[in-house]
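Enquirer: Sharing protein07.txt here; it has compact mmCIF, C-alpha atoms.
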```
# COMPACT_ATOMS: atom_id res chain seq x y z
CA MET A 9 136.42 151.46 138.30
CA PRO A 10 133.77 151.95 135.63
CA LYS A 11 134.22 155.07 133.50
CA LYS A 12 131.67 157.86 133.14
CA THR A 13 130.02 158.18 129.74
CA GLN A 14 128.91 161.39 128.02
CA LYS A 15 125.48 160.95 129.56
CA GLU A 16 127.16 161.22 133.00
CA THR A 17 126.19 157.71 133.95
CA TYR A 18 128.66 155.05 134.96
CA GLU A 19 129.03 152.57 132.17
CA THR A 20 128.83 148.95 133.20
CA ILE A 21 130.07 146.11 131.05
CA VAL A 22 128.90 142.56 131.61
CA VAL A 23 129.59 139.30 129.86
CA GLY A 24 126.43 137.31 129.25
CA ASP A 25 125.89 133.64 128.62
CA THR A 26 123.07 132.15 126.53
CA SER A 27 120.66 131.53 129.42
CA ALA A 28 120.87 135.10 130.76
CA LEU A 29 120.39 136.71 127.36
CA ILE A 30 117.45 134.46 126.56
CA SER A 31 115.88 135.36 129.93
CA LEU A 32 116.19 139.10 129.32
CA ALA A 33 114.86 138.78 125.76
CA VAL A 34 111.92 136.61 126.87
CA GLY A 35 111.20 139.22 129.54
CA SER A 36 111.22 141.92 126.79
CA VAL A 37 113.83 143.97 128.66
CA LEU A 38 117.06 143.17 126.85
CA LEU A 39 117.04 146.30 124.67
CA LYS A 40 116.43 148.45 127.75
CA CYS A 41 119.35 146.76 129.53
CA LEU A 42 121.64 148.20 126.86
CA ARG A 43 120.83 151.66 128.25
CA ILE A 44 122.62 150.78 131.48
CA SER A 45 125.26 148.30 130.38
CA ARG A 46 127.30 147.11 127.45
CA ILE A 47 126.87 143.39 126.89
CA LEU A 48 129.64 141.22 125.56
CA ILE A 49 129.35 137.55 124.57
CA PRO A 50 131.89 134.97 123.44
CA LYS A 51 131.67 133.25 120.06
CA GLU A 52 130.34 129.97 121.51
CA VAL A 53 127.35 131.79 123.00
CA TYR A 54 126.64 133.21 119.55
CA THR A 55 126.75 129.65 118.16
CA GLU A 56 124.36 128.42 120.88
CA LEU A 57 121.97 131.30 120.15
CA SER A 58 122.06 130.47 116.43
CA GLU A 59 121.07 126.88 117.24
CA ILE A 60 118.25 127.94 119.60
CA SER A 61 116.97 130.43 117.00
CA GLN A 62 115.95 127.44 114.85
CA TYR A 63 113.34 126.38 117.43
CA ASN A 64 109.78 127.46 116.81
CA ASP A 65 109.04 128.48 120.41
CA VAL A 66 109.42 131.41 122.79
CA HIS A 67 113.14 130.74 123.34
CA GLY A 68 113.69 130.45 119.58
CA LYS A 69 112.06 133.83 119.00
CA ALA A 70 114.11 135.35 121.84
CA ALA A 71 117.31 133.99 120.27
CA GLN A 72 116.32 135.50 116.90
CA GLU A 73 115.86 138.88 118.60
CA ILE A 74 119.29 138.63 120.27
CA ILE A 75 120.93 137.73 116.96
CA ARG A 76 119.35 140.83 115.39
CA MET A 77 120.85 142.92 118.22
CA ILE A 78 124.24 141.34 117.57
CA SER A 79 123.92 142.09 113.83
CA ASN A 80 123.05 145.71 114.67
CA GLY A 81 126.12 145.98 116.87
CA ASN A 82 124.12 146.42 120.06
CA ILE A 83 125.60 143.29 121.62
CA GLU A 84 129.30 142.65 121.07
CA VAL A 85 130.86 139.29 120.24
CA ASP A 86 134.48 138.69 121.20
CA GLU A 87 136.96 135.84 121.01
CA VAL A 88 138.67 134.07 123.88
CA GLU A 89 142.47 133.88 123.62
CA HIS A 90 143.22 130.99 125.99
CA VAL A 91 141.30 128.07 124.50
CA ASP A 92 143.16 125.66 126.81
CA LYS A 93 141.42 127.21 129.83
CA ILE A 94 138.02 126.52 128.25
CA ASN A 95 138.92 122.88 127.75
CA GLU A 96 140.10 122.66 131.37
CA LEU A 97 136.77 123.95 132.65
CA VAL A 98 134.60 121.83 130.38
CA SER A 99 136.51 118.62 131.05
CA GLY A 100 136.87 119.29 134.78
CA TYR A 101 133.29 120.30 135.52
CA SER A 102 130.49 118.38 133.83
CA ARG A 103 127.90 121.06 134.61
CA ILE A 104 129.82 123.81 132.81
CA ASN A 105 129.23 123.82 129.07
CA GLU A 106 131.41 125.45 126.42
CA GLY A 107 129.36 128.65 126.24
CA GLU A 108 129.56 129.24 129.98
CA ALA A 109 133.27 128.36 130.07
CA GLU A 110 134.01 130.80 127.21
CA ALA A 111 131.93 133.49 128.91
CA LEU A 112 133.88 133.12 132.17
CA ILE A 113 137.30 133.06 130.49
CA LEU A 114 136.35 136.06 128.31
CA ALA A 115 135.35 138.04 131.41
CA GLN A 116 138.64 137.12 133.09
CA GLU A 117 140.75 137.98 130.03
CA LYS A 118 139.01 141.35 129.49
CA SER A 119 138.88 142.16 133.24
CA ILE A 120 135.10 142.48 133.06
CA PRO A 121 133.87 142.20 136.65
CA ILE A 122 130.46 140.61 136.04
CA LEU A 123 129.29 137.47 134.27
CA ILE A 124 125.52 137.05 134.10
CA THR A 125 124.07 133.58 133.78
CA ASP A 126 120.71 131.97 134.57
CA ASP A 127 122.01 128.43 134.31
CA PHE A 128 121.47 127.42 137.93
CA ARG A 129 123.11 124.01 137.43
CA SER A 130 126.43 125.54 136.48
CA ILE A 131 126.55 128.42 138.98
CA PRO A 132 128.18 126.46 141.88
CA ASP A 133 131.04 125.32 139.61
CA LEU A 134 131.36 128.71 137.87
CA LYS A 135 131.74 130.37 141.28
CA LYS A 136 134.49 127.92 142.24
CA ASN A 137 136.46 129.05 139.19
CA SER A 138 135.44 132.70 138.89
CA GLY A 139 138.49 134.39 140.43
CA ASP A 140 137.87 138.17 140.36
CA VAL A 141 134.73 137.83 138.22
CA GLU A 142 131.42 138.04 140.08
CA ILE A 143 128.74 135.60 138.94
CA HIS A 144 125.28 137.16 138.87
CA LEU A 145 121.85 136.33 137.54
CA SER A 146 120.16 138.28 134.73
CA ILE A 147 118.11 139.71 137.62
CA TYR A 148 121.13 141.98 138.32
CA LEU A 149 120.25 143.98 135.18
CA LEU A 150 116.50 143.67 135.79
CA ALA A 151 116.89 145.11 139.30
CA ARG A 152 119.01 147.95 137.95
CA LEU A 153 116.30 148.81 135.40
CA VAL A 154 113.88 149.15 138.32
CA LEU A 155 116.29 151.06 140.56
CA GLU A 156 117.22 153.46 137.74
CA LYS A 157 113.51 153.95 136.96
CA ILE A 158 113.72 152.64 133.40
CA ILE A 159 110.97 150.12 134.11
CA THR A 160 108.42 149.84 136.91
CA ILE A 161 108.28 147.10 139.53
CA ALA A 162 105.13 145.76 137.83
CA GLU A 163 106.97 145.52 134.49
CA ALA A 164 109.85 143.68 136.17
CA GLN A 165 107.38 141.28 137.81
CA ASP A 166 105.76 140.62 134.41
CA ALA A 167 109.20 139.97 132.93
CA LEU A 168 109.96 137.44 135.69
CA ILE A 169 106.66 135.64 135.08
CA ARG A 170 107.46 135.35 131.36
CA ILE A 171 111.04 134.24 132.08
CA SER A 172 110.01 131.51 134.53
CA LYS A 173 107.59 129.94 132.05
CA GLY A 174 109.29 127.16 130.13
CA ARG A 175 112.13 126.85 132.65
CA SER A 176 112.67 123.95 135.08
CA TRP A 177 110.78 123.98 138.39
CA GLU A 178 114.08 124.61 140.20
CA SER A 179 114.69 127.76 138.16
CA ALA A 180 111.05 128.84 138.52
CA ALA A 181 111.44 128.68 142.32
CA ILE A 182 114.31 131.19 142.17
CA TYR A 183 112.44 133.53 139.79
CA ASN A 184 109.48 133.37 142.15
CA LEU A 185 111.69 134.47 145.03
CA ALA A 186 113.14 137.17 142.77
CA LYS A 187 109.62 138.63 142.39
CA LYS A 188 109.55 139.16 146.17
CA TYR A 189 112.98 140.83 146.20
CA ILE A 190 112.10 143.06 143.23
CA ASN A 191 108.94 144.12 145.04
CA GLU A 192 111.10 145.21 147.97
CA LEU A 193 113.08 147.62 145.75
CA LYS A 194 110.50 150.38 146.35
CA MET B 5 91.86 114.91 123.13
CA SER B 6 93.31 113.05 120.16
CA LEU B 7 95.05 109.69 120.43
CA GLU B 8 98.53 109.60 118.93
CA GLN B 9 100.42 106.51 117.90
CA ILE B 10 104.00 105.90 119.00
CA SER B 11 106.41 103.05 118.35
CA MET B 12 109.29 101.91 120.52
CA ARG B 13 111.94 99.22 120.76
CA VAL B 14 112.11 97.01 123.86
CA ASP B 15 114.23 93.96 124.58
CA SER B 16 112.59 90.57 124.03
CA ARG B 17 112.75 89.48 127.70
CA LEU B 18 110.89 92.59 128.81
CA LEU B 19 108.36 92.06 126.02
CA ASN B 20 107.74 88.48 127.21
CA GLU B 21 107.15 89.69 130.77
CA LEU B 22 104.88 92.42 129.45
CA ASP B 23 102.86 89.85 127.51
CA GLN B 24 102.51 87.65 130.61
CA ILE B 25 101.16 90.60 132.60
CA ALA B 26 98.76 91.47 129.77
CA LYS B 27 97.54 87.87 129.58
CA SER B 28 97.00 87.59 133.35
CA GLU B 29 95.00 90.83 133.36
CA PHE B 30 93.03 90.02 130.18
CA LYS B 31 94.43 93.15 128.58
CA ARG B 32 96.16 93.98 125.33
CA ARG B 33 99.89 94.66 125.40
CA SER B 34 99.30 98.30 124.43
CA ASP B 35 96.81 98.75 127.32
CA VAL B 36 99.43 97.63 129.87
CA VAL B 37 102.03 99.98 128.36
CA ARG B 38 99.54 102.87 128.35
CA ASP B 39 98.54 102.23 132.00
CA ALA B 40 102.21 102.13 133.02
CA LEU B 41 102.87 105.37 131.16
CA VAL B 42 99.92 107.15 132.79
CA ALA B 43 100.99 105.93 136.26
CA HIS B 44 104.58 107.05 135.69
CA VAL B 45 103.63 110.52 134.44
CA LYS B 46 101.18 110.96 137.33
CA HIS B 47 103.87 109.87 139.80
CA GLU B 48 106.41 112.28 138.30
CA ILE B 49 103.93 115.17 138.53
CA GLU B 50 103.22 114.34 142.18
CA ILE B 51 106.93 114.13 142.99
CA ARG B 52 107.53 117.48 141.28
CA GLN B 53 104.70 119.07 143.25
CA ILE B 54 106.20 117.77 146.51
CA LYS B 55 109.64 119.08 145.51
CA GLU B 56 108.16 122.47 144.62
CA MET B 57 106.40 122.61 147.99
CA VAL B 58 109.51 121.77 150.02
CA THR B 59 111.60 124.16 147.91
CA LYS B 60 109.20 126.96 148.80
CA GLN B 61 109.55 126.01 152.48
CA PHE B 62 113.35 125.96 152.22
CA LEU B 63 113.47 129.34 150.47
CA GLU B 64 111.20 130.79 153.16
CA GLY B 65 113.55 129.47 155.85
CA LYS B 66 110.99 126.98 157.18
CA LEU B 67 113.05 123.89 156.30
CA CYS B 68 116.74 123.29 157.05
CA PHE B 69 119.18 122.44 154.26
CA ASP B 70 119.80 118.85 155.42
CA ASP B 71 116.10 117.94 155.44
CA PHE B 72 115.62 119.72 152.12
CA ALA B 73 118.52 117.78 150.56
CA ARG B 74 117.10 114.47 151.82
CA ILE B 75 113.88 115.14 149.91
CA VAL B 76 115.08 116.71 146.65
CA SER B 77 118.66 115.25 146.50
CA PHE B 78 121.86 116.97 147.55
CA ASP B 79 122.66 118.26 144.05
CA ILE B 80 119.32 120.00 143.55
CA ALA B 81 119.32 121.36 147.12
CA GLN B 82 122.81 122.77 146.62
CA GLN B 83 121.78 124.26 143.27
CA ILE B 84 118.81 126.04 144.85
CA LYS B 85 120.83 127.19 147.87
CA VAL B 86 123.52 128.70 145.62
CA GLY B 87 120.80 130.11 143.33
CA LYS B 88 119.23 131.94 146.28
CA GLU B 89 122.60 133.27 147.46
CA THR B 90 123.43 134.44 143.92
CA LEU B 91 120.04 136.12 143.61
CA GLU B 92 120.66 138.06 146.83
CA GLU B 93 124.17 139.01 145.69
CA SER B 94 122.78 140.17 142.31
CA ILE B 95 120.22 142.41 143.99
CA GLU B 96 122.85 143.89 146.32
CA ARG B 97 125.27 144.52 143.44
CA ALA B 98 122.45 146.18 141.45
CA LYS B 99 121.74 148.49 144.39
CA LYS B 100 125.42 149.40 144.67
CA ASP B 101 125.87 150.08 140.94
CA SER B 102 122.59 151.98 140.61
CA LYS B 103 123.56 154.33 143.45
CA ARG B 104 126.40 155.60 141.27
CA ASN B 105 123.99 156.58 138.51
CA LEU B 106 121.30 158.23 140.60
```
Here is the file; what I need is its structure written in the form of structure tokens.
Expert:
Amino acid sequence: MPKKTQKETYETIVVGDTSALISLAVGSVLLKCLRISRILIPKEVYTELSEISQYNDVHGKAAQEIIRMISNGNIEVDEVEHVDKINELVSGYSRINEGEAEALILAQEKSIPILITDDFRSIPDLKKNSGDVEIHLSIYLLARLVLEKIITIAEAQDALIRISKGRSWESAAIYNLAKKYINELK
Amino acid sequence: MSLEQISMRVDSRLLNELDQIAKSEFKRRSDVVRDALVAHVKHEIEIRQIKEMVTKQFLEGKLCFDDFARIVSFDIAQQIKVGKETLEESIERAKKDSKRNL
């Protein structure tokens, strides 16, 4: 059961992988998400973000912004204890990379109920191995921002348009559908 | 539009066949390679457009999973099906968690 904070709101904690954090940063809503949830990442995700931050494109700039948030202590980085479980996932499922595997194991070890990821290729395999952890898209936090009136539906739609640019056509199809669902949150 | 130069390595047998095609069509080797490249990129764009169209139909419930998978491949169809389910679960979970805070 999530605990109540001093602001009398229920505090959510999620573990994020690289794709979800990049989405929220590209959509310019990541900082606002921290008003409704703590975000925890494993070390490997931090490494992936550091690599992406070298690119001179929209994802590179998003990664730089996330790294600044980590440096400021807004996003927490934690270590996974059972490295053997990461190796099991990565070697057993070709679509799960190290960052996603660490994120899932970290959520399981810390009893964090939600892992957010926008890596659509890995979601089927992550779900097979998720146990008590629910696998959600970054849209979980985006929808909450709308429902808790932190952003408007129009702002969420703009975020989804920005997020879908530069992603594969398969991912863009899901973000397009997400625009419809977000619109129905009125 | 500017023309850029690229270089590539190909095996000698393929290069021989390429030269024969070029000779029979009275073209330069580079022209045949460029034509092939343009045709391939055009084909890929058309295939992607078809896949995007059928994906939209599947997501709108106008195409069944089996037909969808036949067109885009089972792996991609499964990925999109699970993506849609996860999206719906994410929205439902957001509604549930937001209710606590409102």
Enquirer: Contacts from chain B to chain A, 12 Å maximum, only C-alpha atoms: show me the residue list as an NGL selection string.
Expert: :B and (49 or 51-64 or 76 or 79-106)
Enquirer: Could you give me, as an NGL selection string, the residues that sit within 9 Å of (136.7, 134.0, 130.2) in the file's coordinates, counting all atoms listed in the file?
Expert: :A and (23 or 50 or 88-90 or 93-94 or 108-119 or 138)
Enquirer: Once you have the residues from the selection above, write them out as a short mmCIF file (atom, residue, chain, number, x, y, z; two decimals), in the frame of the given file, restricted to C-alpha atoms.
Expert:
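Final output, part21.cif:
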```cif
data_model
loop_
_atom_site.label_atom_id
_atom_site.label_comp_id
_atom_site.auth_asym_id
_atom_site.auth_seq_id
_atom_site.Cartn_x
_atom_site.Cartn_y
_atom_site.Cartn_z
CA VAL A 23 129.59 139.30 129.86
CA PRO A 50 131.89 134.97 123.44
CA VAL A 88 138.67 134.07 123.88
CA GLU A 89 142.47 133.88 123.62
CA HIS A 90 143.22 130.99 125.99
CA LYS A 93 141.42 127.21 129.83
CA ILE A 94 138.02 126.52 128.25
CA GLU A 108 129.56 129.24 129.98
CA ALA A 109 133.27 128.36 130.07
CA GLU A 110 134.01 130.80 127.21
CA ALA A 111 131.93 133.49 128.91
CA LEU A 112 133.88 133.12 132.17
CA ILE A 113 137.30 133.06 130.49
CA LEU A 114 136.35 136.06 128.31
CA ALA A 115 135.35 138.04 131.41
CA GLN A 116 138.64 137.12 133.09
CA GLU A 117 140.75 137.98 130.03
CA LYS A 118 139.01 141.35 129.49
CA SER A 119 138.88 142.16 133.24
CA SER A 138 135.44 132.70 138.89
#
```
Enquirer: Pick from A:Asp133, A:Glu192, A:Glu56, A:Asp86: nearest to Ile74 in chain A, with all atoms listed in the file counted?
Expert: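 The answer is A:Glu56, which sits nearest to Ile74 in chain A.
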Enquirer: Quick one: pull the distance between CA of Val98 in chain A and CA of Gln62 in chain A, Å, one decimal.
Expert: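 These atoms are spaced 24.9 Å apart.
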Enquirer: Which residue gives the smallest distance to Asn82 in chain A among A:Leu97, A:Cys41, A:Ile159, A:Ile60, with all atoms listed in the file counted?
Expert: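 Nearest to Asn82 in chain A: A:Cys41.
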Enquirer: Kindly give the distance, in Å, that separates CA of Val37 in chain B and CA of Ser6 in chain B, rounded to a single decimal.
Expert: 17.7 Å
Enquirer: Just how far from CA of Ile161 in chain A is CA of His67 in chain A, in Å to one decimal?
Expert: 23.5 Å
Enquirer: Measuring between only C-alpha atoms, which one of A:Leu39, A:Gly24, A:Ser31, A:Gly107 shows the shortest distance to Lys51 in chain A?
Expert: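 Closest to Lys51 in chain A, using only C-alpha atoms: A:Gly107.
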Enquirer: In terms of the shortest atom-to-atom distance over all atoms listed in the file, which of A:Gln165, A:Ile83, A:Asp92, A:Ile120 is closest to Asp140 in chain A?
Expert: A:Ile120
Enquirer: Using only C-alpha atoms, which residues sit within 12 Å of Gly68 in chain A once same-chain residues fewer than 2 positions away are excluded, as a ChimeraX atom specification?
Expert: /A:26,30-31,33-34,56-66,70-75,174
Enquirer: Since the input lacks atoms, please generate N, CA and C atoms for range 46-79 of chain B and provide them as a PDB file, keeping the file's coordinate frame.
Expert:
```pdb
ATOM      1  N   LYS B  46     101.896 110.468 136.153  1.00  0.00           N
ATOM      2  CA  LYS B  46     101.180 110.960 137.330  1.00  0.00           C
ATOM      3  C   LYS B  46     102.121 111.012 138.541  1.00  0.00           C
ATOM      4  N   HIS B  47     102.915 109.943 138.696  1.00  0.00           N
ATOM      5  CA  HIS B  47     103.870 109.870 139.800  1.00  0.00           C
ATOM      6  C   HIS B  47     104.887 111.005 139.707  1.00  0.00           C
ATOM      7  N   GLU B  48     105.409 111.232 138.499  1.00  0.00           N
ATOM      8  CA  GLU B  48     106.410 112.280 138.300  1.00  0.00           C
ATOM      9  C   GLU B  48     105.838 113.665 138.632  1.00  0.00           C
ATOM     10  N   ILE B  49     104.579 113.878 138.241  1.00  0.00           N
ATOM     11  CA  ILE B  49     103.930 115.170 138.530  1.00  0.00           C
ATOM     12  C   ILE B  49     103.781 115.350 140.044  1.00  0.00           C
ATOM     13  N   GLU B  50     103.379 114.263 140.719  1.00  0.00           N
ATOM     14  CA  GLU B  50     103.220 114.340 142.180  1.00  0.00           C
ATOM     15  C   GLU B  50     104.552 114.614 142.870  1.00  0.00           C
ATOM     16  N   ILE B  51     105.595 113.930 142.405  1.00  0.00           N
ATOM     17  CA  ILE B  51     106.930 114.130 142.990  1.00  0.00           C
ATOM     18  C   ILE B  51     107.373 115.581 142.786  1.00  0.00           C
ATOM     19  N   ARG B  52     107.130 116.093 141.571  1.00  0.00           N
ATOM     20  CA  ARG B  52     107.530 117.480 141.280  1.00  0.00           C
ATOM     21  C   ARG B  52     106.773 118.455 142.183  1.00  0.00           C
ATOM     22  N   GLN B  53     105.493 118.182 142.382  1.00  0.00           N
ATOM     23  CA  GLN B  53     104.700 119.070 143.250  1.00  0.00           C
ATOM     24  C   GLN B  53     105.234 119.058 144.690  1.00  0.00           C
ATOM     25  N   ILE B  54     105.634 117.868 145.156  1.00  0.00           N
ATOM     26  CA  ILE B  54     106.200 117.770 146.510  1.00  0.00           C
ATOM     27  C   ILE B  54     107.517 118.549 146.576  1.00  0.00           C
ATOM     28  N   LYS B  55     108.348 118.375 145.535  1.00  0.00           N
ATOM     29  CA  LYS B  55     109.640 119.080 145.510  1.00  0.00           C
ATOM     30  C   LYS B  55     109.430 120.591 145.470  1.00  0.00           C
ATOM     31  N   GLU B  56     108.441 121.026 144.692  1.00  0.00           N
ATOM     32  CA  GLU B  56     108.160 122.470 144.620  1.00  0.00           C
ATOM     33  C   GLU B  56     107.720 123.004 145.976  1.00  0.00           C
ATOM     34  N   MET B  57     106.916 122.196 146.681  1.00  0.00           N
ATOM     35  CA  MET B  57     106.400 122.610 147.990  1.00  0.00           C
ATOM     36  C   MET B  57     107.538 122.730 149.017  1.00  0.00           C
ATOM     37  N   VAL B  58     108.424 121.721 149.024  1.00  0.00           N
ATOM     38  CA  VAL B  58     109.510 121.770 150.020  1.00  0.00           C
ATOM     39  C   VAL B  58     110.542 122.845 149.643  1.00  0.00           C
ATOM     40  N   THR B  59     110.683 123.101 148.330  1.00  0.00           N
ATOM     41  CA  THR B  59     111.600 124.160 147.910  1.00  0.00           C
ATOM     42  C   THR B  59     111.110 125.508 148.414  1.00  0.00           C
ATOM     43  N   LYS B  60     109.801 125.709 148.315  1.00  0.00           N
ATOM     44  CA  LYS B  60     109.200 126.960 148.800  1.00  0.00           C
ATOM     45  C   LYS B  60     109.481 127.097 150.306  1.00  0.00           C
ATOM     46  N   GLN B  61     109.310 125.976 151.026  1.00  0.00           N
ATOM     47  CA  GLN B  61     109.550 126.010 152.480  1.00  0.00           C
ATOM     48  C   GLN B  61     111.015 126.309 152.788  1.00  0.00           C
ATOM     49  N   PHE B  62     111.924 125.709 152.004  1.00  0.00           N
ATOM     50  CA  PHE B  62     113.350 125.960 152.220  1.00  0.00           C
ATOM     51  C   PHE B  62     113.684 127.423 151.954  1.00  0.00           C
ATOM     52  N   LEU B  63     113.170 127.950 150.837  1.00  0.00           N
ATOM     53  CA  LEU B  63     113.470 129.340 150.470  1.00  0.00           C
ATOM     54  C   LEU B  63     112.882 130.330 151.468  1.00  0.00           C
ATOM     55  N   GLU B  64     111.806 129.918 152.139  1.00  0.00           N
ATOM     56  CA  GLU B  64     111.200 130.790 153.160  1.00  0.00           C
ATOM     57  C   GLU B  64     111.841 130.580 154.528  1.00  0.00           C
ATOM     58  N   GLY B  65     112.842 129.699 154.593  1.00  0.00           N
ATOM     59  CA  GLY B  65     113.550 129.470 155.850  1.00  0.00           C
ATOM     60  C   GLY B  65     112.797 128.560 156.812  1.00  0.00           C
ATOM     61  N   LYS B  66     111.793 127.845 156.308  1.00  0.00           N
ATOM     62  CA  LYS B  66     110.990 126.980 157.180  1.00  0.00           C
ATOM     63  C   LYS B  66     111.496 125.540 157.197  1.00  0.00           C
ATOM     64  N   LEU B  67     112.502 125.248 156.384  1.00  0.00           N
ATOM     65  CA  LEU B  67     113.050 123.890 156.300  1.00  0.00           C
ATOM     66  C   LEU B  67     114.578 124.011 156.232  1.00  0.00           C
ATOM     67  N   CYS B  68     115.275 123.179 157.048  1.00  0.00           N
ATOM     68  CA  CYS B  68     116.740 123.290 157.050  1.00  0.00           C
ATOM     69  C   CYS B  68     117.314 122.591 155.803  1.00  0.00           C
ATOM     70  N   PHE B  69     118.563 122.947 155.484  1.00  0.00           N
ATOM     71  CA  PHE B  69     119.180 122.440 154.260  1.00  0.00           C
ATOM     72  C   PHE B  69     119.250 120.909 154.255  1.00  0.00           C
ATOM     73  N   ASP B  70     119.636 120.307 155.382  1.00  0.00           N
ATOM     74  CA  ASP B  70     119.800 118.850 155.420  1.00  0.00           C
ATOM     75  C   ASP B  70     118.500 118.113 155.100  1.00  0.00           C
ATOM     76  N   ASP B  71     117.405 118.573 155.707  1.00  0.00           N
ATOM     77  CA  ASP B  71     116.100 117.940 155.440  1.00  0.00           C
ATOM     78  C   ASP B  71     115.695 118.169 153.978  1.00  0.00           C
ATOM     79  N   PHE B  72     115.941 119.378 153.504  1.00  0.00           N
ATOM     80  CA  PHE B  72     115.620 119.720 152.120  1.00  0.00           C
ATOM     81  C   PHE B  72     116.378 118.800 151.148  1.00  0.00           C
ATOM     82  N   ALA B  73     117.673 118.613 151.427  1.00  0.00           N
ATOM     83  CA  ALA B  73     118.520 117.780 150.560  1.00  0.00           C
ATOM     84  C   ALA B  73     118.067 116.321 150.576  1.00  0.00           C
ATOM     85  N   ARG B  74     117.579 115.863 151.737  1.00  0.00           N
ATOM     86  CA  ARG B  74     117.100 114.470 151.820  1.00  0.00           C
ATOM     87  C   ARG B  74     115.901 114.257 150.892  1.00  0.00           C
ATOM     88  N   ILE B  75     115.097 115.282 150.725  1.00  0.00           N
ATOM     89  CA  ILE B  75     113.880 115.140 149.910  1.00  0.00           C
ATOM     90  C   ILE B  75     114.169 115.343 148.409  1.00  0.00           C
ATOM     91  N   VAL B  76     114.934 116.386 148.091  1.00  0.00           N
ATOM     92  CA  VAL B  76     115.080 116.710 146.650  1.00  0.00           C
ATOM     93  C   VAL B  76     116.413 116.226 146.055  1.00  0.00           C
ATOM     94  N   SER B  77     117.289 115.660 146.837  1.00  0.00           N
ATOM     95  CA  SER B  77     118.660 115.250 146.500  1.00  0.00           C
ATOM     96  C   SER B  77     119.630 116.381 146.792  1.00  0.00           C
ATOM     97  N   PHE B  78     120.852 115.978 147.141  1.00  0.00           N
ATOM     98  CA  PHE B  78     121.860 116.970 147.550  1.00  0.00           C
ATOM     99  C   PHE B  78     122.157 117.942 146.414  1.00  0.00           C
ATOM    100  N   ASP B  79     122.292 117.418 145.197  1.00  0.00           N
ATOM    101  CA  ASP B  79     122.660 118.260 144.050  1.00  0.00           C
ATOM    102  C   ASP B  79     121.642 119.372 143.803  1.00  0.00           C
TER     103      ASP B  79
END
```
